[in-house]
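As structure tokens, the structure follows; a few thoughts come after it.
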Amino acid sequence: MTQFGRQLGIGPTDNTSDQRTPRKPLRLIPSVARESFVPVVPARYVMRTHEWDMTRIAPGRPRGDGTPIEVKGTLRNENGTPIRDALIEIWNANHHGRYRHVEDASGLQLDENFFGMGRVVTDEDGNYCFWTISPGAYLARPDIGRWRPKHIHLSVSGGSARLITQMYFPDEPNNASDPMAILMGDGFENNIGKPYETSDLDVDEGYRFDIVVGGRNATFFE
Amino acid sequence: MTQDNGSNLLKATNEDTSGPFFPIYFQDESLEDLTVLGPGIVGAPSGQHIILCGRVLDRHGNLANGVLMEFWQANAKGIYNSPDNLGHPDLDPWFNGYGRLRSASGEYKFCTIMPGASDNRAPNITITLFSDGISRIVTQVFFEGHKANETDPVLKSLGTDDQARLIARHGGHTDGGAEIYLLDIVMAGANETPFFDDFES
Ligand SMILES: [Fe+2]
């Protein structure tokens, strides 16, 4: 007998969400098969040493347009156990709202000093830290004037933990109308970086973003 | 840290869509073909080479462009390279079992070996899907012609129509001897692929 889990929501005013969100409720996994549903990502990363500093495309180069920021936090599972040696892949739009991605057809301005993609690995205690340029918001639905609020994409993989999420910024005017934020409801608070003082650092703003990877997968092999 | 009401669990960060611009820059060809160890390296995982390929489609039957797909499977002897199996004699040192690719068009092709049957499972591959408009969704794909499909607990938990939507059809073989298996994944709509809830299960 099929048993059902969550029914996924469709993001309001998001055409792609309408086209791609499964309409049937998710099925529960029979318990005898549960363990085989837990992918384990082998620790094997390729990256350059400067990728933690996305404010410039290479060491010694000028900084990109806009506000340099630091983002840091701790990666844990729901039990509070730090997830060490996890790969965090980061991508965000430049100050003008443009990605250096071949499929970004927005026509917004590229920045010759901003790359917008970087990778970091969590330390022994699950901590991570990177610098980037504060991203611009961009108009996602010109026809109805809906913007995507400023956000940074983060993809986390480490052991059996897997999460793709976005960090948003506090008090942004477009947060309230964002389809994914609407789906998160009150939980959206959890996806907003918490500002901190950076007067002693070579960046203008700091945001703490602690990440908790939910679900049993992340604790399966704890 | 915020706490869940009435439990000691931390509140999970919400999953969110990958958006359309997951960096192609992060691609790793060695995760798209698990039969090859890397440039210039002598050695190979054991097992029958297979190619799992097909299309990822949306509610209107159109290709879902810009999908990120991840794969997880046991080795040819049915052993997963998970921490619980550390030191298992049947682990294949040349096979991790984790693959990843990003398809610009929505058509995909993953080169690997046929997984062995583990415990009371039929050979299967877990597929994790990310794309614009959705957060992470997961399912498992099976292979036409395996007797164990009839007794697999995941397949048995589904109706006949849904079972068929998870069984890849055999589509001949390549000149190099790899068996081809075809599976379209339908993200939404009438012929929707069954997806599973690995949060609540
Ligand atoms: Fe984005």
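Every chain in the structure tokens takes a letter, A first, then B, and so on in the order presented; its residues are numbered from 1, and the ligands are numbered from 1 following the presented order.
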Legend entry - All residues 12 Å or closer to Tyr168 in chain A, only C-alpha atoms, same chain fewer than 5 positions away omitted, as a PyMOL selection string: (chain A and resi 71+92+134-137+148-154+173-176+178+180-181+188-195+207-209) or (chain B and resi 13-14+16)
Inset, instruction - Compile the residues of chain B that lie within 6 Å of chain A, evaluated using only C-alpha atoms, and express the compilation as JSON, numbers by chain. - result: {"B": [9, 10, 12, 13, 15, 16, 58, 59, 72, 133, 134, 157, 158, 187, 188, 195, 196, 197, 199, 201]}
Inset, instruction - Show which residues sit within 10 Å of Ile125 in chain B, as a PyMOL selection string. Count only C-alpha atoms, and ignore same-chain residues fewer than 2 positions away. - result: (chain A and resi 36-37+39) or (chain B and resi 52+70-74+97-98+114-115+122-123+127-128+139-143)
Inset, instruction - Report the residues of range 41-96 of chain A whose backbone DSSP state falls under strand (DSSP E), written as JSON, numbers by chain. - result: {"A": [68, 69, 70, 71, 72, 73, 74, 75, 76, 77, 87, 88, 89, 90, 91]}
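The space separating CA of Cys129 in chain A from CA of Thr17 in chain B comes to 22.1 Å.
For the pair CA of Asp84 in chain B and CA of Arg100 in chain B, the interatomic distance is 22.4 Å.
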